[in-house]
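Asker: My file is model_18.pdb. It has PDB, C-alpha atoms and all ligand atoms:
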```pdb
MODEL        1
ATOM      1  CA  MET A   1     -96.736 -47.093   8.516
ATOM      2  CA  CYS A   2     -97.280 -45.091   5.391
ATOM      3  CA  VAL A   3     -98.595 -41.635   6.109
ATOM      4  CA  GLU A   4    -100.478 -40.654   3.018
ATOM      5  CA  ALA A   5    -102.946 -37.995   4.087
ATOM      6  CA  ALA A   6    -101.140 -35.701   1.760
ATOM      7  CA  PRO A   7     -99.508 -37.002  -1.412
ATOM      8  CA  LYS A   8     -96.075 -36.329   0.052
ATOM      9  CA  SER A   9     -95.670 -39.461   2.134
ATOM     10  CA  LYS A  10     -93.170 -39.826   4.926
ATOM     11  CA  CYS A  11     -93.326 -43.564   5.360
ATOM     12  CA  GLY A  12     -90.533 -45.801   6.453
ATOM     13  CA  GLY A  13     -91.442 -49.140   4.969
ATOM     14  CA  LYS A  14     -93.956 -51.011   2.923
ATOM     15  CA  SER A  15     -96.950 -49.018   1.804
ATOM     16  CA  ASN A  16     -99.977 -49.471   3.984
ATOM     17  CA  CYS A  17    -102.172 -46.977   2.192
ATOM     18  CA  GLY A  18    -103.894 -49.504  -0.012
ATOM     19  CA  CYS A  19    -102.628 -48.289  -3.351
ATOM     20  CA  GLY A  20     -99.398 -50.305  -3.632
ATOM     21  CA  TRP A  21     -97.909 -47.976  -6.176
ATOM     22  CA  HIS A  22     -95.249 -45.811  -4.669
ATOM     23  CA  GLY A  23     -91.922 -45.443  -6.352
ATOM     24  CA  HIS A  24     -93.183 -44.399  -9.766
ATOM     25  CA  ALA A  25     -91.910 -41.234 -11.301
ATOM     26  CA  LYS A  26     -93.418 -38.055  -9.972
ATOM     27  CA  THR A  27     -93.745 -36.866 -13.523
ATOM     28  CA  ALA A  28     -95.972 -39.757 -14.598
ATOM     29  CA  ALA A  29     -98.597 -38.346 -16.894
ATOM     30  CA  LEU A  30    -102.266 -39.275 -17.170
ATOM     31  CA  ASN A  31    -101.331 -41.718 -19.868
ATOM     32  CA  PRO A  32    -103.218 -45.013 -20.316
ATOM     33  CA  ARG A  33     -99.981 -46.742 -21.317
ATOM     34  CA  ILE A  34     -98.418 -45.744 -18.003
ATOM     35  CA  ILE A  35    -101.535 -46.712 -16.072
ATOM     36  CA  ARG A  36    -101.361 -50.182 -17.691
ATOM     37  CA  THR A  37     -97.829 -50.676 -16.436
ATOM     38  CA  ILE A  38     -98.619 -49.887 -12.827
ATOM     39  CA  LYS A  39     -97.600 -52.808 -10.577
ATOM     40  CA  PHE A  40    -100.160 -53.179  -7.889
ATOM     41  CA  GLY A  41     -99.125 -56.601  -6.667
ATOM     42  CA  GLU A  42     -96.880 -57.343  -3.745
ATOM     43  CA  GLU A  43     -93.889 -57.339  -6.087
ATOM     44  CA  ALA A  44     -94.308 -53.636  -6.541
ATOM     45  CA  GLY A  45     -92.956 -53.299  -3.026
ATOM     46  CA  HIS A  46     -92.439 -49.901  -1.604
ATOM     47  CA  GLN A  47     -89.722 -48.045  -3.340
ATOM     48  CA  CYS A  48     -90.701 -44.495  -2.714
ATOM     49  CA  SER A  49     -88.146 -42.125  -1.374
ATOM     50  CA  CYS A  50     -90.552 -41.347   1.457
ATOM     51  CA  SER A  51     -89.855 -37.750   0.847
ATOM     52  CA  GLY A  52     -92.614 -37.267  -1.644
ATOM     53  CA  GLY A  53     -91.033 -38.998  -4.635
ATOM     54  CA  GLY A  54     -93.837 -41.446  -5.385
ATOM     55  CA  ARG A  55     -97.118 -40.700  -7.078
ATOM     56  CA  CYS A  56    -100.080 -42.597  -5.716
ATOM     57  CA  PRO A  57    -102.792 -43.827  -8.114
ATOM     58  CA  ARG A  58    -105.304 -42.197  -5.808
ATOM     59  CA  GLU A  59    -103.928 -38.893  -7.064
ATOM     60  CA  TYR A  60    -105.572 -39.867 -10.362
ATOM     61  CA  LEU A  61    -108.729 -41.220  -8.752
ATOM     62  CA  ALA A  62    -109.402 -38.076  -6.747
ATOM     63  CA  PRO A  63    -109.400 -35.421  -9.533
ATOM     64  CA  THR A  64    -111.183 -37.693 -12.035
ATOM     65  CA  GLY A  65    -113.697 -38.560  -9.296
ATOM     66  CA  TYR A  66    -114.319 -34.874  -8.649
ATOM     67  CA  VAL A  67    -115.001 -34.227 -12.353
ATOM     68  CA  LEU A  68    -117.398 -37.192 -12.481
ATOM     69  CA  GLY A  69    -118.994 -35.959  -9.255
ATOM     70  CA  GLY A  70    -119.695 -32.551 -10.824
ATOM     71  CA  PHE A  71    -121.429 -34.312 -13.695
ATOM     72  CA  LEU A  72    -123.374 -36.618 -11.366
ATOM     73  CA  ILE A  73    -124.750 -33.668  -9.362
ATOM     74  CA  LEU A  74    -125.835 -31.876 -12.561
ATOM     75  CA  HIS A  75    -127.342 -35.081 -13.981
ATOM     76  CA  LEU A  76    -129.440 -35.854 -10.904
ATOM     77  CA  VAL A  77    -130.602 -32.239 -10.484
ATOM     78  CA  VAL A  78    -131.689 -31.999 -14.144
ATOM     79  CA  ASN A  79    -133.471 -35.363 -13.887
ATOM     80  CA  SER A  80    -135.283 -34.314 -10.725
ATOM     81  CA  LEU A  81    -137.030 -31.714 -12.924
ATOM     82  CA  ALA A  82    -138.983 -34.684 -14.303
ATOM     83  CA  LEU A  83    -141.413 -33.885 -11.512
ATOM     84  CA  TRP A  84    -142.510 -31.178 -13.971
ATOM     85  CA  PRO A  85    -142.330 -32.829 -17.431
ATOM     86  CA  GLY A  86    -142.451 -29.433 -19.250
ATOM     87  CA  LYS A  87    -139.475 -28.062 -17.315
ATOM     88  CA  PHE A  88    -137.639 -31.357 -17.807
ATOM     89  CA  GLN A  89    -138.140 -31.131 -21.572
ATOM     90  CA  SER A  90    -136.880 -27.494 -21.578
ATOM     91  CA  ALA A  91    -133.754 -28.512 -19.652
ATOM     92  CA  VAL A  92    -133.103 -31.381 -22.098
ATOM     93  CA  ASN A  93    -133.626 -28.976 -25.044
ATOM     94  CA  ARG A  94    -131.099 -26.583 -23.510
ATOM     95  CA  VAL A  95    -128.544 -29.393 -23.140
ATOM     96  CA  HIS A  96    -129.073 -30.492 -26.751
ATOM     97  CA  SER A  97    -128.838 -26.907 -28.000
ATOM     98  CA  LEU A  98    -125.101 -27.155 -27.238
ATOM     99  CA  GLY A  99    -124.824 -28.672 -30.716
ATOM    100  CA  VAL A 100    -121.377 -29.937 -31.635
ATOM    101  CA  LEU A 101    -120.091 -29.097 -28.149
ATOM    102  CA  LEU A 102    -122.299 -31.824 -26.647
ATOM    103  CA  PRO A 103    -120.538 -34.875 -28.172
ATOM    104  CA  ILE A 104    -117.180 -33.260 -27.356
ATOM    105  CA  LEU A 105    -118.183 -32.907 -23.700
ATOM    106  CA  GLU A 106    -119.589 -36.442 -23.696
ATOM    107  CA  ILE A 107    -116.397 -37.926 -25.136
ATOM    108  CA  GLY A 108    -114.324 -35.973 -22.583
ATOM    109  CA  LEU A 109    -116.479 -37.258 -19.749
ATOM    110  CA  ILE A 110    -116.285 -40.846 -20.991
ATOM    111  CA  ALA A 111    -112.477 -40.521 -21.190
ATOM    112  CA  VAL A 112    -112.352 -39.293 -17.580
ATOM    113  CA  LEU A 113    -114.654 -42.150 -16.531
ATOM    114  CA  ILE A 114    -112.495 -44.733 -18.315
ATOM    115  CA  ILE A 115    -109.332 -43.440 -16.593
ATOM    116  CA  HIS A 116    -111.090 -43.496 -13.206
ATOM    117  CA  ILE A 117    -112.412 -47.027 -13.748
ATOM    118  CA  ALA A 118    -109.069 -48.326 -15.094
ATOM    119  CA  VAL A 119    -107.142 -47.000 -12.090
ATOM    120  CA  GLY A 120    -109.918 -48.079  -9.686
ATOM    121  CA  LEU A 121    -110.022 -51.654 -10.997
ATOM    122  CA  ARG A 122    -106.222 -51.868 -10.863
ATOM    123  CA  LEU A 123    -106.357 -50.809  -7.217
ATOM    124  CA  MET A 124    -109.024 -53.361  -6.414
ATOM    125  CA  ARG A 125    -107.264 -56.198  -8.206
ATOM    126  CA  ARG A 126    -104.847 -56.633  -5.320
ATOM    127  CA  ASP A 127    -107.104 -56.390  -2.297
ATOM    128  CA  LYS A 128    -110.362 -57.422  -3.994
ATOM    129  CA  LEU A 129    -113.242 -56.720  -1.628
ATOM    130  CA  ASN A 130    -111.282 -57.761   1.467
ATOM    131  CA  PHE A 131    -111.938 -55.773   4.595
ATOM    132  CA  ILE A 132    -108.640 -53.993   5.184
ATOM    133  CA  THR A 133    -107.972 -53.046   8.758
ATOM    134  CA  GLY A 134    -105.068 -51.013  10.109
ATOM    135  CA  ASP A 135    -103.946 -47.481   9.446
ATOM    136  CA  HIS A 136    -104.723 -46.125   6.030
ATOM    137  CA  PHE A 137    -106.166 -43.000   4.551
ATOM    138  CA  HIS A 138    -109.567 -44.091   3.348
ATOM    139  CA  GLY A 139    -111.554 -42.689   6.262
ATOM    140  CA  SER A 140    -112.034 -46.075   7.952
ATOM    141  CA  PRO A 141    -111.943 -49.758   6.917
ATOM    142  CA  MET A 142    -115.737 -49.814   6.589
ATOM    143  CA  ARG A 143    -115.814 -46.640   4.515
ATOM    144  CA  GLN A 144    -113.143 -48.001   2.200
ATOM    145  CA  TRP A 145    -114.900 -51.344   1.846
ATOM    146  CA  LEU A 146    -118.185 -49.618   0.989
ATOM    147  CA  GLN A 147    -116.334 -47.369  -1.484
ATOM    148  CA  ARG A 148    -115.198 -50.468  -3.343
ATOM    149  CA  VAL A 149    -118.528 -52.299  -3.140
ATOM    150  CA  THR A 150    -120.348 -49.224  -4.473
ATOM    151  CA  ALA A 151    -117.705 -48.893  -7.207
ATOM    152  CA  LEU A 152    -118.609 -52.352  -8.544
ATOM    153  CA  ILE A 153    -122.353 -51.658  -8.317
ATOM    154  CA  MET A 154    -121.803 -48.397 -10.204
ATOM    155  CA  LEU A 155    -119.707 -50.098 -12.840
ATOM    156  CA  ALA A 156    -122.538 -52.528 -13.625
ATOM    157  CA  PHE A 157    -125.143 -49.795 -13.382
ATOM    158  CA  ILE A 158    -123.354 -47.214 -15.544
ATOM    159  CA  LEU A 159    -122.726 -49.774 -18.300
ATOM    160  CA  PHE A 160    -126.374 -50.851 -18.264
ATOM    161  CA  HIS A 161    -127.659 -47.265 -18.027
ATOM    162  CA  VAL A 162    -125.526 -45.863 -20.854
ATOM    163  CA  ILE A 163    -126.006 -48.788 -23.233
ATOM    164  CA  THR A 164    -129.775 -48.937 -22.800
ATOM    165  CA  LEU A 165    -130.405 -45.178 -22.905
ATOM    166  CA  HIS A 166    -127.747 -43.406 -24.940
ATOM    167  CA  ARG A 167    -128.394 -42.590 -28.594
ATOM    168  CA  TRP A 168    -124.896 -43.737 -29.630
ATOM    169  CA  PHE A 169    -125.798 -47.304 -28.691
ATOM    170  CA  GLY A 170    -129.306 -47.163 -30.110
ATOM    171  CA  GLY A 171    -130.630 -46.549 -26.609
ATOM    172  CA  ARG A 172    -134.185 -45.655 -25.770
ATOM    173  CA  PHE A 173    -133.855 -42.062 -24.586
ATOM    174  CA  ASP A 174    -135.431 -39.684 -27.097
ATOM    175  CA  PRO A 175    -134.423 -36.044 -26.452
ATOM    176  CA  ASN A 176    -137.562 -34.831 -28.261
ATOM    177  CA  ASN A 177    -139.744 -36.901 -26.009
ATOM    178  CA  ALA A 178    -137.669 -36.733 -22.846
ATOM    179  CA  PHE A 179    -140.176 -37.565 -20.120
ATOM    180  CA  SER A 180    -142.016 -40.502 -21.637
ATOM    181  CA  SER A 181    -138.945 -42.117 -23.222
ATOM    182  CA  ALA A 182    -136.966 -41.950 -19.932
ATOM    183  CA  SER A 183    -139.985 -43.116 -17.997
ATOM    184  CA  HIS A 184    -140.512 -46.131 -20.243
ATOM    185  CA  ALA A 185    -136.818 -47.047 -20.188
ATOM    186  CA  ILE A 186    -136.829 -47.174 -16.399
ATOM    187  CA  TRP A 187    -140.280 -48.339 -15.429
ATOM    188  CA  GLN A 188    -141.277 -50.384 -18.464
ATOM    189  CA  PHE A 189    -137.924 -51.731 -19.473
ATOM    190  CA  TRP A 190    -139.342 -55.124 -20.329
ATOM    191  CA  HIS A 191    -141.591 -54.516 -23.339
ATOM    192  CA  GLY A 192    -144.899 -56.273 -23.241
ATOM    193  CA  GLN A 193    -144.895 -56.471 -19.453
ATOM    194  CA  PRO A 194    -147.001 -53.956 -17.527
ATOM    195  CA  THR A 195    -145.409 -51.391 -15.223
ATOM    196  CA  GLY A 196    -145.093 -52.882 -11.753
ATOM    197  CA  SER A 197    -144.761 -56.442 -13.047
ATOM    198  CA  PHE A 198    -141.944 -58.377 -11.392
ATOM    199  CA  PRO A 199    -139.358 -58.120 -14.218
ATOM    200  CA  ASN A 200    -140.000 -54.395 -14.688
ATOM    201  CA  LEU A 201    -139.835 -53.777 -10.952
ATOM    202  CA  LEU A 202    -136.441 -55.506 -10.877
ATOM    203  CA  PHE A 203    -135.054 -53.014 -13.408
ATOM    204  CA  ALA A 204    -136.574 -50.056 -11.533
ATOM    205  CA  GLN A 205    -135.025 -51.358  -8.283
ATOM    206  CA  PHE A 206    -131.683 -51.628 -10.043
ATOM    207  CA  TYR A 207    -131.954 -47.899 -10.753
ATOM    208  CA  LEU A 208    -132.666 -47.282  -7.087
ATOM    209  CA  LEU A 209    -129.583 -49.288  -6.113
ATOM    210  CA  GLY A 210    -127.477 -47.380  -8.662
ATOM    211  CA  ILE A 211    -128.613 -44.000  -7.290
ATOM    212  CA  VAL A 212    -127.961 -44.923  -3.647
ATOM    213  CA  ALA A 213    -124.554 -46.456  -4.479
ATOM    214  CA  SER A 214    -123.543 -43.367  -6.499
ATOM    215  CA  VAL A 215    -124.504 -40.972  -3.716
ATOM    216  CA  TYR A 216    -122.460 -42.949  -1.170
ATOM    217  CA  HIS A 217    -119.459 -43.312  -3.517
ATOM    218  CA  LEU A 218    -119.446 -39.571  -4.206
ATOM    219  CA  THR A 219    -120.001 -38.530  -0.583
ATOM    220  CA  ASN A 220    -117.173 -40.676   0.739
ATOM    221  CA  GLY A 221    -115.003 -40.038  -2.321
ATOM    222  CA  VAL A 222    -115.181 -36.250  -1.938
ATOM    223  CA  ALA A 223    -114.086 -36.593   1.701
ATOM    224  CA  THR A 224    -111.197 -39.033   1.091
ATOM    225  CA  GLY A 225    -110.215 -37.330  -2.173
ATOM    226  CA  ALA A 226    -109.705 -34.054  -0.276
ATOM    227  CA  GLU A 227    -107.300 -35.936   2.031
ATOM    228  CA  VAL A 228    -105.415 -37.393  -0.933
ATOM    229  CA  LEU A 229    -105.092 -33.968  -2.537
ATOM    230  CA  GLY A 230    -103.863 -32.521   0.741
ATOM    231  CA  TRP A 231    -106.767 -30.088   1.161
ATOM    232  CA  VAL A 232    -107.650 -31.338   4.633
ATOM    233  CA  LYS A 233    -104.552 -32.279   6.562
ATOM    234  CA  THR A 234    -105.238 -32.687  10.254
ATOM    235  CA  PRO A 235    -107.432 -35.514  11.589
ATOM    236  CA  ALA A 236    -109.795 -32.902  13.058
ATOM    237  CA  ALA A 237    -110.173 -31.129   9.692
ATOM    238  CA  GLN A 238    -110.682 -34.487   7.930
ATOM    239  CA  GLU A 239    -113.375 -35.503  10.392
ATOM    240  CA  ARG A 240    -115.073 -32.093  10.051
ATOM    241  CA  PHE A 241    -115.039 -32.287   6.247
ATOM    242  CA  TRP A 242    -116.402 -35.855   6.290
ATOM    243  CA  ARG A 243    -119.291 -34.654   8.464
ATOM    244  CA  ILE A 244    -120.001 -31.776   6.049
ATOM    245  CA  CYS A 245    -120.105 -34.279   3.168
ATOM    246  CA  VAL A 246    -122.484 -36.560   5.080
ATOM    247  CA  ILE A 247    -124.755 -33.635   5.959
ATOM    248  CA  ALA A 248    -124.825 -32.478   2.312
ATOM    249  CA  SER A 249    -125.424 -35.924   0.807
ATOM    250  CA  PRO A 250    -129.196 -36.208   1.542
ATOM    251  CA  ALA A 251    -129.759 -33.269  -0.841
ATOM    252  CA  LEU A 252    -128.179 -35.256  -3.673
ATOM    253  CA  LEU A 253    -130.010 -38.421  -2.647
ATOM    254  CA  LEU A 254    -133.268 -36.462  -2.654
ATOM    255  CA  ALA A 255    -132.582 -35.209  -6.193
ATOM    256  CA  GLY A 256    -131.908 -38.786  -7.350
ATOM    257  CA  LEU A 257    -134.953 -40.246  -5.624
ATOM    258  CA  THR A 258    -137.162 -37.420  -6.926
ATOM    259  CA  ALA A 259    -136.098 -38.234 -10.494
ATOM    260  CA  TRP A 260    -136.711 -41.951  -9.910
ATOM    261  CA  TYR A 261    -140.161 -41.318  -8.447
ATOM    262  CA  ALA A 262    -141.114 -38.647 -11.005
ATOM    263  CA  LEU A 263    -140.348 -40.946 -13.927
ATOM    264  CA  ALA A 264    -142.591 -43.688 -12.541
ATOM    265  CA  VAL A 265    -145.379 -44.068 -15.069
ATOM    266  CA  ARG A 266    -148.301 -42.395 -13.384
TER     267      ARG A 266
HETATM  268  C1  LIG B   1    -120.078 -41.026 -11.461
HETATM  269  C2  LIG B   1    -119.198 -41.971 -11.192
HETATM  270  C3  LIG B   1    -118.092 -41.871 -10.156
HETATM  271  C4  LIG B   1    -117.739 -40.872  -9.310
HETATM  272  C5  LIG B   1    -118.406 -39.518  -9.148
HETATM  273  C6  LIG B   1    -116.611 -41.324  -8.534
HETATM  274  C7  LIG B   1    -115.940 -40.595  -7.578
HETATM  275  C8  LIG B   1    -114.867 -41.015  -6.828
HETATM  276  C9  LIG B   1    -114.098 -40.225  -5.911
HETATM  277  C10 LIG B   1    -114.310 -38.748  -5.639
HETATM  278  C11 LIG B   1    -113.169 -41.033  -5.334
HETATM  279  C12 LIG B   1    -112.176 -40.636  -4.243
HETATM  280  C13 LIG B   1    -110.732 -40.749  -4.584
HETATM  281  C14 LIG B   1    -109.871 -41.164  -3.404
HETATM  282  O1  LIG B   1    -110.255 -41.070  -2.243
HETATM  283  O2  LIG B   1    -108.769 -41.602  -3.659
HETATM  284  C15 LIG B   1    -113.341 -42.350  -5.888
HETATM  285  C16 LIG B   1    -112.598 -43.448  -5.531
HETATM  286  C17 LIG B   1    -112.718 -44.671  -6.130
HETATM  287  N1  LIG B   1    -113.530 -45.013  -7.196
HETATM  288 FE1  LIG B   1    -114.889 -43.803  -8.045
HETATM  289  N2  LIG B   1    -116.310 -42.605  -8.899
HETATM  290  C18 LIG B   1    -117.194 -42.973  -9.891
HETATM  291  C19 LIG B   1    -117.255 -44.190 -10.538
HETATM  292  C20 LIG B   1    -116.468 -45.269 -10.252
HETATM  293  C21 LIG B   1    -116.565 -46.539 -10.900
HETATM  294  C22 LIG B   1    -117.576 -46.938 -11.999
HETATM  295  C23 LIG B   1    -115.629 -47.334 -10.356
HETATM  296  C24 LIG B   1    -115.407 -48.772 -10.772
HETATM  297  C25 LIG B   1    -114.278 -49.344 -10.782
HETATM  298  C26 LIG B   1    -114.922 -46.568  -9.330
HETATM  299  C27 LIG B   1    -113.891 -47.019  -8.529
HETATM  300  C28 LIG B   1    -113.307 -46.318  -7.500
HETATM  301  C29 LIG B   1    -112.311 -46.861  -6.586
HETATM  302  C30 LIG B   1    -111.786 -48.294  -6.592
HETATM  303  C31 LIG B   1    -111.947 -45.832  -5.729
HETATM  304  C32 LIG B   1    -110.913 -45.866  -4.599
HETATM  305  C33 LIG B   1    -111.241 -46.786  -3.509
HETATM  306  C34 LIG B   1    -110.025 -46.960  -2.628
HETATM  307  O3  LIG B   1    -109.072 -46.176  -2.694
HETATM  308  O4  LIG B   1    -110.076 -47.888  -1.889
HETATM  309  N3  LIG B   1    -115.466 -45.311  -9.298
HETATM  310  N4  LIG B   1    -114.382 -42.315  -6.811
ENDMDL
END
```
Would it be possible to restate this file's structure as structure tokens?

Answerer:
Amino acid sequence: MCVEAAPKSKCGGKSNCGCGWHGHAKTAALNPRIIRTIKFGEEAGHQCSCSGGGRCPREYLAPTGYVLGGFLILHLVVNSLALWPGKFQSAVNRVHSLGVLLPILEIGLIAVLIIHIAVGLRLMRRDKLNFITGDHFHGSPMRQWLQRVTALIMLAFILFHVITLHRWFGGRFDPNNAFSSASHAIWQFWHGQPTGSFPNLLFAQFYLLGIVASVYHLTNGVATGAEVLGWVKTPAAQERFWRICVIASPALLLAGLTAWYALAVR
């Protein structure tokens, strides 16, 4: 069995942790060319020295996931201000007053997201959405399965969300008219159809699904990421931290649902 609670594994055989990528150089950098060469298939075998020589792809997923999580929390909290359109507009103005720093931050965030998605998809290529039982460090088989299902929902949602809203892609969000442009993009996506019509409701429900999936993915990811990074080592500490994450998650869900409700054309 591969013991991978901390990155320094002490396993005696084939990896059972779900990543399939032990044996690569400890010095591997966050380099897309290296990520592309990762062998996740069975042929990759388990070549780690079992004394901490291998670097697990989850060591990339965890820190990039934490950065994305910080953004997600900020994004949902700012959007929940839509309950008060004036405050929402002020918050958007403050973000856009960052000037040239804003596109730099956006490009950085997109780069982090691309690395996370590339490593995540490589991990999932081997096991697909199979329910993996046995000992591994993903919390539990069900938690890991849901982590992967929510990852795919988020992938579809983030692509749709960014392409239809962001100014770089000619999206509909207008920073000078924050409330009504966001509201129309979500609740009246289908032009010419009234709010609440079936096609428009479908798009609004897709947003709901995206918010719920993101909150789960982040809640579970923070808990398992802390295990990967070796911050919580004993099973008791891991269980305690998982509970803390679960207790904290309704606050984030509430922020997301508040934004979704507030932007409903009233
Ligand atoms: C705002 C967006 C996202 C955030 C905040 C986020 C956060 C996280 C965190 C914190 C982890 C835990 C790392 C670990 O336990 O090893 C994780 C794992 C993962 N993420 Fe994400 N993620 C996001 C988007 C995505 C997307 C779009 C995908 C699509 C491929 C994805 C795929 C995965 C996969 C496959 C895992 C690991 C599952 C496993 O080890 O079985 N994530 N994510």

Asker: Can you tell me which residues come within 8 Å of ligand LIG 1 (chain B) when counting only C-alpha atoms and all ligand atoms, ideally as a ChimeraX atom specification?

Answerer: /A:18-19,57-72,113,116-124,138,144-145,147-148,150-156,158,214,217-228

Asker: Give me the result of the PyMOL selection byres (((chain A and resi 211) around 9) and not hetatm) on this file, residue by residue, as a PyMOL selection string.

Answerer: chain A and resi 76+154+206-210+212-216+253+256-257+260

Asker: Quick one: apply the PyMOL selection byres (((chain A and resi 93-107) around 12) and not hetatm) to the file and drop the selected residues here as a PyMOL selection string.

Answerer: chain A and resi 67-68+71+74-75+78+86-92+108-114+162+166-168+174-179

Asker: Grab the residues selected above and save them as a tab-separated table (two decimals), keeping the file's coordinate frame with C-alpha atoms.

Answerer:
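The file below, result-v1.tsv, is the result:
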```
chain	number	residue	atom	x	y	z
A	67	VAL	CA	-115.00	-34.23	-12.35
A	68	LEU	CA	-117.40	-37.19	-12.48
A	71	PHE	CA	-121.43	-34.31	-13.70
A	74	LEU	CA	-125.84	-31.88	-12.56
A	75	HIS	CA	-127.34	-35.08	-13.98
A	78	VAL	CA	-131.69	-32.00	-14.14
A	86	GLY	CA	-142.45	-29.43	-19.25
A	87	LYS	CA	-139.48	-28.06	-17.32
A	88	PHE	CA	-137.64	-31.36	-17.81
A	89	GLN	CA	-138.14	-31.13	-21.57
A	90	SER	CA	-136.88	-27.49	-21.58
A	91	ALA	CA	-133.75	-28.51	-19.65
A	92	VAL	CA	-133.10	-31.38	-22.10
A	108	GLY	CA	-114.32	-35.97	-22.58
A	109	LEU	CA	-116.48	-37.26	-19.75
A	110	ILE	CA	-116.28	-40.85	-20.99
A	111	ALA	CA	-112.48	-40.52	-21.19
A	112	VAL	CA	-112.35	-39.29	-17.58
A	113	LEU	CA	-114.65	-42.15	-16.53
A	114	ILE	CA	-112.50	-44.73	-18.32
A	162	VAL	CA	-125.53	-45.86	-20.85
A	166	HIS	CA	-127.75	-43.41	-24.94
A	167	ARG	CA	-128.39	-42.59	-28.59
A	168	TRP	CA	-124.90	-43.74	-29.63
A	174	ASP	CA	-135.43	-39.68	-27.10
A	175	PRO	CA	-134.42	-36.04	-26.45
A	176	ASN	CA	-137.56	-34.83	-28.26
A	177	ASN	CA	-139.74	-36.90	-26.01
A	178	ALA	CA	-137.67	-36.73	-22.85
A	179	PHE	CA	-140.18	-37.56	-20.12
```

Asker: When you look at A:Val77 with a cut-off of 8 Å (counting all atoms listed in the file), what residues show up, excluding the ones that are within fewer than 3 positions of it in the same chain? I need them as a PDB file with C-alpha atoms, in the coordinates of the input.

Answerer:
```pdb
ATOM      1  CA  ILE A  73    -124.750 -33.668  -9.362  1.00  0.00           C
ATOM      2  CA  LEU A  74    -125.835 -31.876 -12.561  1.00  0.00           C
ATOM      3  CA  SER A  80    -135.283 -34.314 -10.725  1.00  0.00           C
ATOM      4  CA  LEU A  81    -137.030 -31.714 -12.924  1.00  0.00           C
ATOM      5  CA  LEU A 252    -128.179 -35.256  -3.673  1.00  0.00           C
ATOM      6  CA  ALA A 255    -132.582 -35.209  -6.193  1.00  0.00           C
ATOM      7  CA  GLY A 256    -131.908 -38.786  -7.350  1.00  0.00           C
TER       8      GLY A 256
END
```

Asker: For A:Leu263, which of A:Pro194, A:Gly139, A:Leu201, A:Trp187 is the closest residue, counting all atoms listed in the file?

Answerer: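 Using all atoms listed in the file, A:Leu263 sits closest to A:Trp187.
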
Asker: Could you state the separation of atom CA of A:Gln238 and atom CA of A:Leu146 in Å, given to one decimal place?

Answerer: 18.3 Å

Asker: Atom CA of A:Pro250 and atom CA of A:Thr234, how far apart in Å?

Answerer: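 We find that atom CA of A:Thr234 and atom CA of A:Pro250 lie 25.7 Å from each other.
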
Asker: What separation in Å, quoted to one decimal, exists between atom CA of A:Ser180 and atom CA of A:Leu83?

Answerer: 12.1 Å
